[in-house]
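Visitor: Got a structure for you, final19.cif, holding mmCIF, C-alpha atoms and all ligand atoms.
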```cif
data_coords
loop_
_atom_site.label_atom_id
_atom_site.label_comp_id
_atom_site.auth_asym_id
_atom_site.auth_seq_id
_atom_site.Cartn_x
_atom_site.Cartn_y
_atom_site.Cartn_z
CA MET J 223 80.25 225.12 87.11
CA ARG J 224 81.61 222.77 84.51
CA ARG J 225 81.83 225.64 82.09
CA GLU J 226 83.62 227.66 84.74
CA LEU J 227 86.13 224.85 85.20
CA ASP J 228 86.69 224.57 81.46
CA LYS J 229 87.26 228.31 81.26
CA LEU J 230 89.64 228.18 84.20
CA ARG J 231 91.63 225.45 82.49
CA SER J 232 92.13 227.31 79.24
CA LEU J 233 92.80 230.59 81.03
CA ALA J 234 95.51 228.97 83.20
CA LYS J 235 97.12 227.24 80.22
CA GLY J 236 97.27 230.44 78.24
CA ARG J 237 98.87 232.30 81.13
CA ILE J 238 101.41 229.54 81.70
CA GLU J 239 102.36 229.49 78.04
CA GLY J 240 103.04 233.22 78.07
CA ALA J 241 105.00 233.23 81.36
CA LYS J 242 108.39 234.89 81.09
CA ASN J 243 110.16 233.62 84.21
CA ARG J 244 110.03 231.40 87.29
CA GLU J 245 108.51 234.13 89.47
CA GLU J 246 105.61 234.50 87.07
CA ILE J 247 105.07 230.72 87.06
CA GLU J 248 104.94 230.73 90.87
CA ARG J 249 102.44 233.61 90.83
CA ILE J 250 100.24 231.72 88.37
CA ARG J 251 100.41 228.60 90.55
CA ILE J 252 99.22 230.52 93.59
CA GLU J 253 96.58 232.37 91.62
CA PHE J 254 94.96 229.19 90.25
CA LEU J 255 95.86 226.40 92.63
CA GLY J 256 96.47 228.27 95.89
CA ARG J 257 95.02 226.29 98.76
CA LYS J 258 93.16 229.20 100.35
CA GLN J 259 92.46 231.85 97.71
CA GLY J 260 93.17 229.94 94.52
CA LYS J 261 90.69 230.29 91.70
CA LEU J 262 90.08 226.53 91.64
CA LYS J 263 89.50 226.51 95.38
CA GLN J 264 86.95 229.30 95.02
CA ILE J 265 84.97 227.26 92.53
CA LEU J 266 85.15 224.14 94.69
CA ASN J 267 83.86 226.10 97.67
CA ARG J 268 80.59 226.38 95.87
CA ILE J 269 80.25 222.63 95.15
CA LYS J 270 77.88 222.34 98.10
CA GLU J 271 75.39 224.46 96.16
CA LEU J 272 75.06 221.70 93.55
CA PRO J 273 72.53 218.90 93.67
CA LEU J 274 74.02 215.81 95.36
CA GLU J 275 74.25 213.64 92.26
CA GLU J 276 76.20 216.25 90.31
CA ARG J 277 78.86 216.76 92.97
CA PRO J 278 81.08 213.71 92.22
CA VAL J 279 81.08 214.47 88.51
CA VAL J 280 82.16 218.09 89.03
CA GLY J 281 84.64 217.01 91.72
CA LYS J 282 86.26 214.62 89.29
CA LEU J 283 86.45 217.30 86.61
CA ALA J 284 87.98 219.73 89.12
CA ASN J 285 90.66 217.18 89.94
CA GLU J 286 91.49 216.70 86.27
CA VAL J 287 91.75 220.44 85.75
CA LYS J 288 94.03 220.74 88.75
CA GLU J 289 96.34 217.98 87.51
CA GLU J 290 96.40 219.40 84.04
CA ILE J 291 97.39 222.83 85.29
CA GLN J 292 100.10 221.27 87.47
CA ARG J 293 101.53 219.38 84.51
CA ALA J 294 101.50 222.53 82.39
CA LEU J 295 103.36 224.39 85.12
CA GLU J 296 106.02 221.70 85.38
CA ARG J 297 106.45 221.47 81.66
CA LYS J 298 106.95 225.20 81.40
CA LEU J 299 109.54 225.17 84.22
CA LYS J 300 111.50 222.40 82.54
CA GLU J 301 111.47 224.22 79.28
CA MET J 302 112.78 227.37 80.96
CA LYS J 303 115.60 225.43 82.60
CA ARG J 304 116.67 223.89 79.31
CA GLU J 305 116.68 227.25 77.60
CA GLU J 306 118.80 228.72 80.36
CA GLU J 307 121.36 225.96 80.07
CA GLU J 308 121.53 225.80 76.32
CA GLU J 309 121.16 229.29 75.12
CA TYR J 310 122.23 231.61 77.83
CA VAL J 311 125.24 233.51 76.60
CA ASP J 312 126.54 236.34 78.70
CA VAL J 313 127.90 238.63 76.04
CA THR J 314 129.38 240.94 78.66
CA LEU J 315 131.89 238.30 79.85
CA PRO J 316 135.45 238.98 78.65
CA GLY J 317 136.49 236.55 75.89
CA LYS J 318 139.22 233.95 76.21
CA LYS J 319 142.45 235.36 74.82
CA PRO J 320 144.09 232.98 72.37
CA SER J 321 147.73 232.78 73.37
CA LEU J 322 149.95 234.21 70.67
CA GLY J 323 153.18 232.57 69.59
CA LYS J 324 156.39 234.56 69.60
CA LEU J 325 159.77 234.48 67.96
CA HIS J 326 162.43 232.40 69.68
CA PRO J 327 164.82 234.55 71.77
CA ILE J 328 167.68 233.64 69.42
CA THR J 329 165.62 234.76 66.42
CA GLN J 330 164.75 237.98 68.23
CA THR J 331 168.43 238.61 68.97
CA LEU J 332 169.38 237.84 65.37
CA LYS J 333 166.78 240.30 64.15
CA GLU J 334 168.04 242.95 66.50
CA ILE J 335 171.64 242.49 65.36
CA GLU J 336 170.50 242.62 61.73
CA LYS J 337 168.56 245.81 62.40
CA ILE J 338 171.55 247.56 63.96
CA PHE J 339 173.93 246.66 61.15
CA SER J 340 171.45 247.38 58.40
CA SER J 341 171.11 250.88 59.85
CA LEU J 342 174.85 251.19 59.08
CA GLY J 343 174.36 250.09 55.49
CA PHE J 344 175.19 246.37 55.87
CA GLN J 345 173.21 243.87 53.83
CA VAL J 346 172.35 240.35 54.86
CA ALA J 347 174.19 237.54 53.03
CA ARG J 348 173.74 233.82 53.51
CA GLY J 349 175.77 230.73 52.78
CA PRO J 350 175.34 226.95 53.02
CA GLU J 351 175.56 225.11 56.34
CA MET J 352 177.23 222.22 54.52
CA GLU J 353 180.64 223.54 53.47
CA THR J 354 183.85 222.41 51.86
CA GLU J 355 187.14 222.47 53.70
CA TYR J 356 188.26 225.08 51.22
CA TYR J 357 185.65 227.65 52.28
CA ASN J 358 185.59 226.71 55.93
CA PHE J 359 189.42 226.71 56.33
CA GLU J 360 191.79 227.05 53.41
CA ALA J 361 190.44 230.26 51.90
CA LEU J 362 190.50 231.69 55.42
CA ASN J 363 194.25 231.16 55.61
CA MET J 364 194.07 227.87 57.51
CA PRO J 365 195.75 225.29 55.28
CA ARG J 366 195.59 221.58 56.12
CA HIS J 367 197.39 220.80 59.41
CA HIS J 368 197.29 224.43 60.47
CA PRO J 369 197.11 224.38 64.30
CA ALA J 370 194.26 226.92 64.32
CA ARG J 371 192.00 224.24 62.86
CA ASP J 372 192.07 222.50 66.23
CA GLU J 373 189.87 225.28 67.58
CA TYR J 374 187.14 224.17 65.27
CA ASP J 375 186.34 220.59 66.08
CA SER J 376 184.13 220.08 63.07
CA PHE J 377 181.53 217.55 62.00
CA TYR J 378 182.81 215.89 58.83
CA LEU J 379 180.32 214.38 56.42
CA ASP J 380 180.89 211.28 54.30
CA ASN J 381 180.98 213.16 51.00
CA GLY J 382 184.03 215.26 51.86
CA TYR J 383 181.93 218.13 53.09
CA LEU J 384 181.65 219.33 56.68
CA LEU J 385 179.12 221.29 58.68
CA ARG J 386 180.51 224.81 58.78
CA SER J 387 182.13 225.52 62.13
CA HIS J 388 181.75 229.29 61.76
CA THR J 389 180.07 231.80 59.45
CA SER J 390 183.40 233.12 58.13
CA PRO J 391 183.19 231.04 54.89
CA VAL J 392 180.32 233.33 53.81
CA GLN J 393 182.90 236.15 53.59
CA ILE J 394 184.74 234.17 50.93
CA ARG J 395 181.59 233.30 48.98
CA VAL J 396 180.48 236.93 48.92
CA MET J 397 183.89 238.26 47.83
CA GLU J 398 184.11 235.63 45.08
CA ARG J 399 180.91 236.83 43.45
CA GLN J 400 181.05 240.56 44.21
CA SER J 401 183.64 243.25 43.93
CA PRO J 402 184.18 246.01 46.51
CA PRO J 403 182.71 248.02 48.09
CA ILE J 404 181.23 245.33 50.33
CA ARG J 405 179.27 245.68 53.52
CA ILE J 406 177.57 242.48 54.60
CA ILE J 407 176.59 240.56 57.66
CA ALA J 408 176.05 236.80 57.50
CA PRO J 409 173.81 235.37 60.20
CA GLY J 410 173.34 231.62 60.52
CA LYS J 411 173.84 228.28 62.19
CA CYS J 412 177.25 226.74 62.92
CA TYR J 413 178.24 223.32 64.21
CA ARG J 414 181.07 222.04 66.39
CA ARG J 415 181.77 218.76 68.11
CA ASP J 416 181.79 220.40 71.52
CA ALA J 417 180.76 218.53 74.67
CA VAL J 418 177.50 220.03 75.89
CA ASP J 419 177.70 222.20 78.99
CA SER J 420 176.23 225.48 80.17
CA SER J 421 178.09 227.46 77.50
CA HIS J 422 178.58 224.91 74.68
CA PHE J 423 176.12 223.31 72.32
CA PRO J 424 176.93 221.43 69.08
CA MET J 425 174.70 223.80 67.08
CA PHE J 426 174.77 227.54 67.65
CA HIS J 427 174.43 230.81 65.75
CA GLN J 428 176.92 233.39 64.63
CA VAL J 429 176.73 236.69 62.83
CA GLU J 430 179.68 237.41 60.60
CA GLY J 431 180.47 240.89 59.36
CA LEU J 432 182.62 242.09 56.49
CA ALA J 433 183.37 245.53 55.09
CA VAL J 434 185.77 245.95 52.16
CA ASP J 435 186.62 249.14 50.34
CA LYS J 436 189.51 251.47 49.55
CA ASN J 437 190.88 253.20 52.63
CA ILE J 438 189.18 251.10 55.28
CA THR J 439 191.06 251.41 58.57
CA PHE J 440 191.00 249.96 62.04
CA SER J 441 189.15 253.12 63.14
CA HIS J 442 186.19 252.08 61.01
CA LEU J 443 186.17 248.69 62.73
CA LYS J 444 186.29 250.36 66.14
CA GLY J 445 183.60 252.90 65.35
CA CYS J 446 181.29 250.32 63.83
CA LEU J 447 181.57 247.78 66.64
CA THR J 448 181.39 250.41 69.38
CA TYR J 449 178.15 251.67 67.82
CA PHE J 450 176.84 248.11 67.76
CA VAL J 451 177.66 247.53 71.45
CA HIS J 452 176.03 250.77 72.51
CA ARG J 453 172.82 249.97 70.66
CA MET J 454 172.75 246.36 71.82
CA PHE J 455 173.73 246.81 75.46
CA GLY J 456 173.16 250.49 76.16
CA ARG J 457 175.25 253.64 75.82
CA ASP J 458 176.86 253.33 79.24
CA THR J 459 178.50 250.02 78.29
CA LYS J 460 182.28 250.33 78.00
CA VAL J 461 184.05 248.73 75.03
CA ARG J 462 187.61 247.40 74.96
CA PHE J 463 189.59 246.10 71.96
CA ARG J 464 192.08 243.49 73.14
CA PRO J 465 194.86 242.23 70.84
CA SER J 466 194.26 238.65 69.70
CA PHE J 467 194.93 236.27 66.84
CA PHE J 468 192.85 234.87 64.01
CA PRO J 469 194.38 233.37 60.85
CA PHE J 470 192.06 235.42 58.61
CA THR J 471 192.68 238.85 60.16
CA GLU J 472 195.81 240.91 60.83
CA PRO J 473 195.87 242.63 63.20
CA SER J 474 193.14 240.90 65.20
CA ALA J 475 191.24 242.03 68.25
CA GLU J 476 188.70 240.57 70.55
CA VAL J 477 186.03 242.94 71.78
CA ASP J 478 185.16 243.01 75.46
CA ILE J 479 182.32 244.91 77.09
CA SER J 480 182.08 246.04 80.69
CA CYS J 481 180.22 243.34 82.60
CA VAL J 482 176.49 243.80 82.12
CA ILE J 483 175.81 242.35 85.57
CA CYS J 484 178.30 244.13 87.87
CA LYS J 485 179.05 247.10 85.55
CA GLY J 486 182.78 246.33 85.76
CA LYS J 487 183.22 245.83 89.49
CA GLY J 488 183.85 242.08 89.17
CA CYS J 489 181.36 239.30 89.79
CA ARG J 490 180.69 235.60 89.15
CA VAL J 491 179.55 236.17 85.55
CA CYS J 492 182.78 237.96 84.52
CA SER J 493 184.93 235.80 86.87
CA GLY J 494 185.89 238.91 88.81
CA LYS J 495 187.42 240.60 85.76
CA GLY J 496 184.73 243.20 85.12
CA TRP J 497 184.91 242.47 81.36
CA LEU J 498 183.10 240.05 79.06
CA GLU J 499 184.36 238.92 75.68
CA ILE J 500 181.66 239.23 73.03
CA LEU J 501 183.26 238.91 69.62
CA GLY J 502 186.34 238.42 67.45
CA SER J 503 187.41 240.90 64.79
CA GLY J 504 190.29 242.30 62.79
CA MET J 505 191.54 243.72 59.50
CA VAL J 506 191.12 241.21 56.68
CA ASP J 507 194.40 239.39 56.15
CA PRO J 508 196.03 240.07 52.72
CA GLU J 509 196.25 236.30 52.22
CA VAL J 510 192.45 236.09 52.29
CA PHE J 511 192.13 238.86 49.69
CA LYS J 512 194.57 237.01 47.45
CA LYS J 513 192.40 233.88 47.62
CA VAL J 514 189.43 235.76 46.18
CA GLY J 515 191.44 237.76 43.68
CA TYR J 516 191.30 241.15 45.42
CA ASP J 517 194.48 243.23 45.31
CA PRO J 518 195.47 243.84 48.97
CA GLU J 519 197.44 246.90 47.84
CA VAL J 520 194.20 248.49 46.67
CA TYR J 521 191.60 247.19 49.11
CA GLN J 522 191.38 246.93 52.86
CA GLY J 523 188.65 245.51 54.99
CA PHE J 524 187.56 244.64 58.45
CA ALA J 525 185.70 241.56 59.62
CA PHE J 526 184.09 240.33 62.78
CA GLY J 527 182.21 237.33 64.10
CA MET J 528 180.00 236.99 67.14
CA GLY J 529 178.10 234.20 68.86
CA VAL J 530 174.40 234.98 69.00
CA GLU J 531 173.65 232.70 71.96
CA ARG J 532 176.33 234.42 74.00
CA ILE J 533 175.05 237.90 73.13
CA CYS J 534 171.50 236.85 74.00
CA MET J 535 172.62 235.26 77.28
CA LEU J 536 174.48 238.39 78.33
CA LYS J 537 171.66 240.69 77.32
CA TYR J 538 169.00 238.81 79.25
CA GLY J 539 171.10 237.30 82.06
CA ILE J 540 170.64 233.67 80.95
CA ASP J 541 173.18 231.33 82.53
CA ASP J 542 172.73 228.13 80.50
CA ILE J 543 172.83 227.82 76.70
CA ARG J 544 170.81 224.56 76.84
CA LEU J 545 167.70 226.52 77.80
CA PHE J 546 167.48 227.80 74.21
CA PHE J 547 167.04 224.31 72.81
CA GLN J 548 164.81 222.56 75.32
CA ASN J 549 161.68 224.34 74.06
CA ASP J 550 160.32 224.71 77.57
CA LEU J 551 157.46 227.19 77.23
CA ARG J 552 158.04 228.49 80.76
CA PHE J 553 161.41 229.76 79.51
CA LEU J 554 160.38 230.83 76.01
CA LYS J 555 157.33 232.79 77.21
CA GLN J 556 159.58 235.21 79.04
CA PHE J 557 160.84 236.83 75.85
N1 LIG J 601 185.24 232.85 62.96
C1 LIG J 601 185.66 233.17 64.29
C2 LIG J 601 185.17 232.09 65.25
O1 LIG J 601 184.31 231.36 64.93
C3 LIG J 601 185.11 234.50 64.72
C4 LIG J 601 185.74 235.62 63.99
C5 LIG J 601 186.85 236.23 64.49
C6 LIG J 601 185.24 236.05 62.79
C7 LIG J 601 187.45 237.29 63.85
C8 LIG J 601 185.83 237.09 62.10
C9 LIG J 601 186.96 237.70 62.66
O2 LIG J 601 185.38 237.55 60.95
O3 LIG J 601 187.54 238.75 62.00
O4 LIG J 601 185.65 232.00 66.33
#
```
Could you rewrite the structure in this file as structure tokens?
Guide:
Amino acid sequence: MRRELDKLRSLAKGRIEGAKNREEIERIRIEFLGRKQGKLKQILNRIKELPLEERPVVGKLANEVKEEIQRALERKLKEMKREEEEEYVDVTLPGKKPSLGKLHPITQTLKEIEKIFSSLGFQVARGPEMETEYYNFEALNMPRHHPARDEYDSFYLDNGYLLRSHTSPVQIRVMERQSPPIRIIAPGKCYRRDAVDSSHFPMFHQVEGLAVDKNITFSHLKGCLTYFVHRMFGRDTKVRFRPSFFPFTEPSAEVDISCVICKGKGCRVCSGKGWLEILGSGMVDPEVFKKVGYDPEVYQGFAFGMGVERICMLKYGIDDIRLFFQNDLRFLKQF
């Protein structure tokens, strides 16, 4: 019987070691230690057949075997639990998507404007944000004390420079280093000492445009800007050229589009007018050509300038310019 018990012990241990899951462990427990039909029980049932003096010795051994099997079962269960916790990877679960960054809505709008004008043969030109009064004003036909300068409440720097208050000085820089024909747009940041409100911010973006050649007419300006509006706001958008004044263009026109919200009926966004102003434009003033050494008798040109924040706000129905600069992800994620 002792041999039987020894055999039982090693048989049970081997089976436990090879068990694949909890159900199998439970089956092994019942098979060996089950109170009624267990293999150990079956052996113990025959203990009465032994001589009296041998019974306690075999009984003790049987108890040891039982405890050993129990410990082996517990150890195996623990091991299974640890493996489940540590190594169980469900490869069929969908992965976590890393959230992708995007371009800022102003950058997206800038890129879209650039794309439209480059399809018309315009190239991108850039100029410094720190400018001289000459480029920012004088060369654009706004001499010192000219009343038009009041429109541009500029940030003056200690060294005699200022932060450019529009992108128009890039026109001058391009014409100084290139001769016609010229077709450029100049996107970039501008600065004005404006009080912050829902439509003003001390830093904003403009895109300037300039085309110079022989025989450029107002029709070219109209055709070019109408094409731009239709691509930016849709073909059903109406375009209106309204007479205006800028020191650097003559004649000048502001471009209005039919209100993107009410389609021209009149609403809060267009103050009931049905039209929204989106840019300034005109034929380059002969005085400006003279400043860069172009002969106004030979060359004509048209120019325009638009505020990128305004275009973006109209396109997406944004009612406060400050949203662009607060970096609130709930806003930025929508673009
Ligand atoms: N520089 C003007 C501004 O900041 C915008 C502008 C108007 C630019 C007419 C132009 C132009 O080139 O022809 O308000």
Visitor: Could you check which of J:Gln393, J:Thr448, J:Thr459, J:Gln556 is closest to Gly523 of chain J, using only C-alpha atoms?
Guide: J:Gln393
Visitor: Which residues of segment 316-388 of chain J have any atom within 8 Å of an atom in segment 495-511 of chain J when counting only C-alpha atoms, and what is the closest pair of atoms for each, with the distance in Å to one decimal? Order the rows by chain and rising number and write it as a Markdown table.
Guide:
```
| residue | atom | partner | partner_atom | distance |
| --- | --- | --- | --- | --- |
| J:Ala361 | CA | J:Val510 | CA | 6.2 |
| J:Leu362 | CA | J:Val510 | CA | 5.7 |
| J:Asn363 | CA | J:Val510 | CA | 6.2 |
```
Visitor: From the set J:Tyr356, J:Phe557, J:Phe468, J:Tyr449, which residue has the shortest atom-to-atom contact distance to Gly527 of chain J, counting all atoms listed in the file?
Guide: J:Phe468
Visitor: Set the distance at 7 Å and use all atoms listed in the file: which residues neighbour Lys411 of chain J once local chain neighbours fewer than 4 positions away are removed? I'd like the list as a list in words.
Guide: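 These residues fall inside the cut-off: Glu351, Met425, Phe426, His427 and Gln428 of chain J.
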Visitor: Which one of J:His368, J:Arg268, J:Lys298, J:His388 sits closest to ligand LIG 601 (chain J) if you count all atoms listed in the file?
Guide: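 Ranked by minimum distance to ligand LIG 601 (chain J), first place goes to J:His388.
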Visitor: Determine, counting only C-alpha atoms, which protein, DNA and RNA residues have an atom within 8 Å of an atom of segment 335-338 of chain J; residues of the same chain fewer than 3 positions away are not included. Present the result as a PDB file with C-alpha atoms, in the frame of the given file.
Guide:
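The resulting result.pdb:
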```pdb
ATOM      1  CA  THR J 331     168.430 238.610  68.970  1.00  0.00           C
ATOM      2  CA  LEU J 332     169.380 237.840  65.370  1.00  0.00           C
ATOM      3  CA  SER J 341     171.110 250.880  59.850  1.00  0.00           C
ATOM      4  CA  LEU J 342     174.850 251.190  59.080  1.00  0.00           C
ATOM      5  CA  VAL J 346     172.350 240.350  54.860  1.00  0.00           C
ATOM      6  CA  ILE J 407     176.590 240.560  57.660  1.00  0.00           C
ATOM      7  CA  PHE J 450     176.840 248.110  67.760  1.00  0.00           C
ATOM      8  CA  ARG J 453     172.820 249.970  70.660  1.00  0.00           C
ATOM      9  CA  MET J 454     172.750 246.360  71.820  1.00  0.00           C
TER      10      MET J 454
END
```
Visitor: Rounded to one decimal in Å, what is the spacing between atom CA of Tyr413 of chain J and atom CA of Arg462 of chain J?
Guide: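 Answer for the atom CA of Tyr413 of chain J to atom CA of Arg462 of chain J separation: 28.0 Å.
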Visitor: Provide the atom CA of Tyr310 of chain J to atom CA of Leu322 of chain J distance in Å, to one decimal place.
Guide: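 We find that atom CA of Tyr310 of chain J and atom CA of Leu322 of chain J lie 28.7 Å from each other.
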Visitor: Using only C-alpha atoms and all ligand atoms, which of J:Ser420, J:Asn358, J:Asn549, J:Ser493 sits nearest ligand LIG 601 (chain J)?
Guide: J:Asn358
Visitor: For ligand LIG 601 (chain J), I'd like the enclosing box, axis-aligned and padded by 8 Å on every side, reported as lines of an AutoDock Vina configuration file with centre and edge lengths in Å to one decimal.
Guide:
```
center_x = 185.9
center_y = 235.1
center_z = 63.6
size_x = 19.2
size_y = 23.4
size_z = 21.4
```
Visitor: So which one's closest to Gln330 of chain J, J:Leu255, J:Ile394, J:Cys446, J:Leu554? Using all atoms listed in the file, please.
Guide: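 Ranking J:Leu255, J:Ile394, J:Cys446, J:Leu554 by distance to Gln330 of chain J, first place goes to J:Leu554.
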Visitor: Neighbourhood query: residues within 6 Å of (187.3, 245.0, 47.5), file coordinates, counting all atoms listed in the file; return as a CSV table (one decimal) with C-alpha atoms, in the frame of the given file.
Guide:
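Saved as result_9.csv:
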```csv
chain,number,residue,atom,x,y,z
J,401,SER,CA,183.6,243.2,43.9
J,402,PRO,CA,184.2,246.0,46.5
J,403,PRO,CA,182.7,248.0,48.1
J,434,VAL,CA,185.8,246.0,52.2
J,435,ASP,CA,186.6,249.1,50.3
J,516,TYR,CA,191.3,241.2,45.4
J,521,TYR,CA,191.6,247.2,49.1
```
Visitor: Using all atoms listed in the file, which residues sit within 12 Å of Lys263 of chain J once same-chain residues fewer than 3 positions away are excluded, as number ranges by chain?
Guide: J: 227, 230, 252-260, 266-269, 281, 284-285, 287-288
Visitor: Let me make sure I understand: among J:Val311, J:Ile404, J:Ile250, J:Ile265, which one has the smallest atom-to-atom distance to Phe524 of chain J if we use only C-alpha atoms?
Guide: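 For Phe524 of chain J, the nearest of the candidates is J:Ile404.
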Visitor: Just how far from atom CA of Lys229 of chain J is atom CA of Glu245 of chain J, in Å to one decimal?
Guide: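 Atom-to-atom, atom CA of Glu245 of chain J and atom CA of Lys229 of chain J are spaced 23.5 Å apart.
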Visitor: Because the input lacks atoms here, generate all heavy atoms for segment 381-388 of chain J and report them as a PDB file, in the coordinates of the input.
Guide:
```
ATOM      1  N   ASN J 381     180.694 212.756  52.373  1.00  0.00           N
ATOM      2  CA  ASN J 381     180.980 213.160  51.000  1.00  0.00           C
ATOM      3  C   ASN J 381     182.109 214.177  50.880  1.00  0.00           C
ATOM      4  O   ASN J 381     182.213 214.870  49.873  1.00  0.00           O
ATOM      5  CB  ASN J 381     179.700 213.727  50.373  1.00  0.00           C
ATOM      6  CG  ASN J 381     179.069 214.784  51.290  1.00  0.00           C
ATOM      7  OD1 ASN J 381     179.710 215.236  52.247  1.00  0.00           O
ATOM      8  ND2 ASN J 381     177.860 215.177  50.994  1.00  0.00           N
ATOM      9  N   GLY J 382     182.927 214.310  51.930  1.00  0.00           N
ATOM     10  CA  GLY J 382     184.030 215.260  51.860  1.00  0.00           C
ATOM     11  C   GLY J 382     183.650 216.651  52.330  1.00  0.00           C
ATOM     12  O   GLY J 382     184.501 217.530  52.469  1.00  0.00           O
ATOM     13  N   TYR J 383     182.371 216.841  52.564  1.00  0.00           N
ATOM     14  CA  TYR J 383     181.930 218.130  53.090  1.00  0.00           C
ATOM     15  C   TYR J 383     182.001 218.097  54.614  1.00  0.00           C
ATOM     16  O   TYR J 383     182.226 217.055  55.226  1.00  0.00           O
ATOM     17  CB  TYR J 383     180.478 218.413  52.675  1.00  0.00           C
ATOM     18  CG  TYR J 383     180.320 218.775  51.222  1.00  0.00           C
ATOM     19  CD1 TYR J 383     180.273 217.788  50.233  1.00  0.00           C
ATOM     20  CD2 TYR J 383     180.188 220.114  50.836  1.00  0.00           C
ATOM     21  CE1 TYR J 383     180.115 218.119  48.905  1.00  0.00           C
ATOM     22  CE2 TYR J 383     180.025 220.454  49.505  1.00  0.00           C
ATOM     23  CZ  TYR J 383     179.984 219.457  48.540  1.00  0.00           C
ATOM     24  OH  TYR J 383     179.826 219.794  47.231  1.00  0.00           O
ATOM     25  N   LEU J 384     181.772 219.278  55.222  1.00  0.00           N
ATOM     26  CA  LEU J 384     181.650 219.330  56.680  1.00  0.00           C
ATOM     27  C   LEU J 384     180.557 220.343  57.006  1.00  0.00           C
ATOM     28  O   LEU J 384     180.160 221.138  56.148  1.00  0.00           O
ATOM     29  CB  LEU J 384     182.989 219.719  57.321  1.00  0.00           C
ATOM     30  CG  LEU J 384     183.704 220.970  56.838  1.00  0.00           C
ATOM     31  CD1 LEU J 384     183.175 222.229  57.475  1.00  0.00           C
ATOM     32  CD2 LEU J 384     185.195 220.845  57.152  1.00  0.00           C
ATOM     33  N   LEU J 385     180.070 220.262  58.240  1.00  0.00           N
ATOM     34  CA  LEU J 385     179.120 221.290  58.680  1.00  0.00           C
ATOM     35  C   LEU J 385     179.955 222.496  59.071  1.00  0.00           C
ATOM     36  O   LEU J 385     180.918 222.352  59.825  1.00  0.00           O
ATOM     37  CB  LEU J 385     178.290 220.788  59.865  1.00  0.00           C
ATOM     38  CG  LEU J 385     177.365 219.607  59.570  1.00  0.00           C
ATOM     39  CD1 LEU J 385     176.616 219.189  60.836  1.00  0.00           C
ATOM     40  CD2 LEU J 385     176.365 219.969  58.467  1.00  0.00           C
ATOM     41  N   ARG J 386     179.638 223.653  58.531  1.00  0.00           N
ATOM     42  CA  ARG J 386     180.510 224.810  58.780  1.00  0.00           C
ATOM     43  C   ARG J 386     180.646 225.045  60.282  1.00  0.00           C
ATOM     44  O   ARG J 386     179.691 224.937  61.033  1.00  0.00           O
ATOM     45  CB  ARG J 386     179.966 226.057  58.078  1.00  0.00           C
ATOM     46  CG  ARG J 386     178.683 226.605  58.683  1.00  0.00           C
ATOM     47  CD  ARG J 386     178.228 227.847  57.929  1.00  0.00           C
ATOM     48  NE  ARG J 386     176.965 228.336  58.478  1.00  0.00           N
ATOM     49  CZ  ARG J 386     176.182 229.204  57.858  1.00  0.00           C
ATOM     50  NH1 ARG J 386     176.505 229.711  56.676  1.00  0.00           N
ATOM     51  NH2 ARG J 386     175.060 229.598  58.432  1.00  0.00           N
ATOM     52  N   SER J 387     181.896 225.337  60.700  1.00  0.00           N
ATOM     53  CA  SER J 387     182.130 225.520  62.130  1.00  0.00           C
ATOM     54  C   SER J 387     182.134 226.997  62.503  1.00  0.00           C
ATOM     55  O   SER J 387     182.277 227.349  63.664  1.00  0.00           O
ATOM     56  CB  SER J 387     183.440 224.854  62.536  1.00  0.00           C
ATOM     57  OG  SER J 387     184.447 225.158  61.602  1.00  0.00           O
ATOM     58  N   HIS J 388     181.955 227.865  61.512  1.00  0.00           N
ATOM     59  CA  HIS J 388     181.750 229.290  61.760  1.00  0.00           C
ATOM     60  C   HIS J 388     181.113 229.900  60.510  1.00  0.00           C
ATOM     61  O   HIS J 388     180.961 229.212  59.488  1.00  0.00           O
ATOM     62  CB  HIS J 388     183.051 230.013  62.138  1.00  0.00           C
ATOM     63  CG  HIS J 388     184.217 229.778  61.210  1.00  0.00           C
ATOM     64  ND1 HIS J 388     185.427 230.392  61.361  1.00  0.00           N
ATOM     65  CD2 HIS J 388     184.345 228.995  60.097  1.00  0.00           C
ATOM     66  CE1 HIS J 388     186.250 229.998  60.410  1.00  0.00           C
ATOM     67  NE2 HIS J 388     185.621 229.142  59.630  1.00  0.00           N
TER      68      HIS J 388
END
```
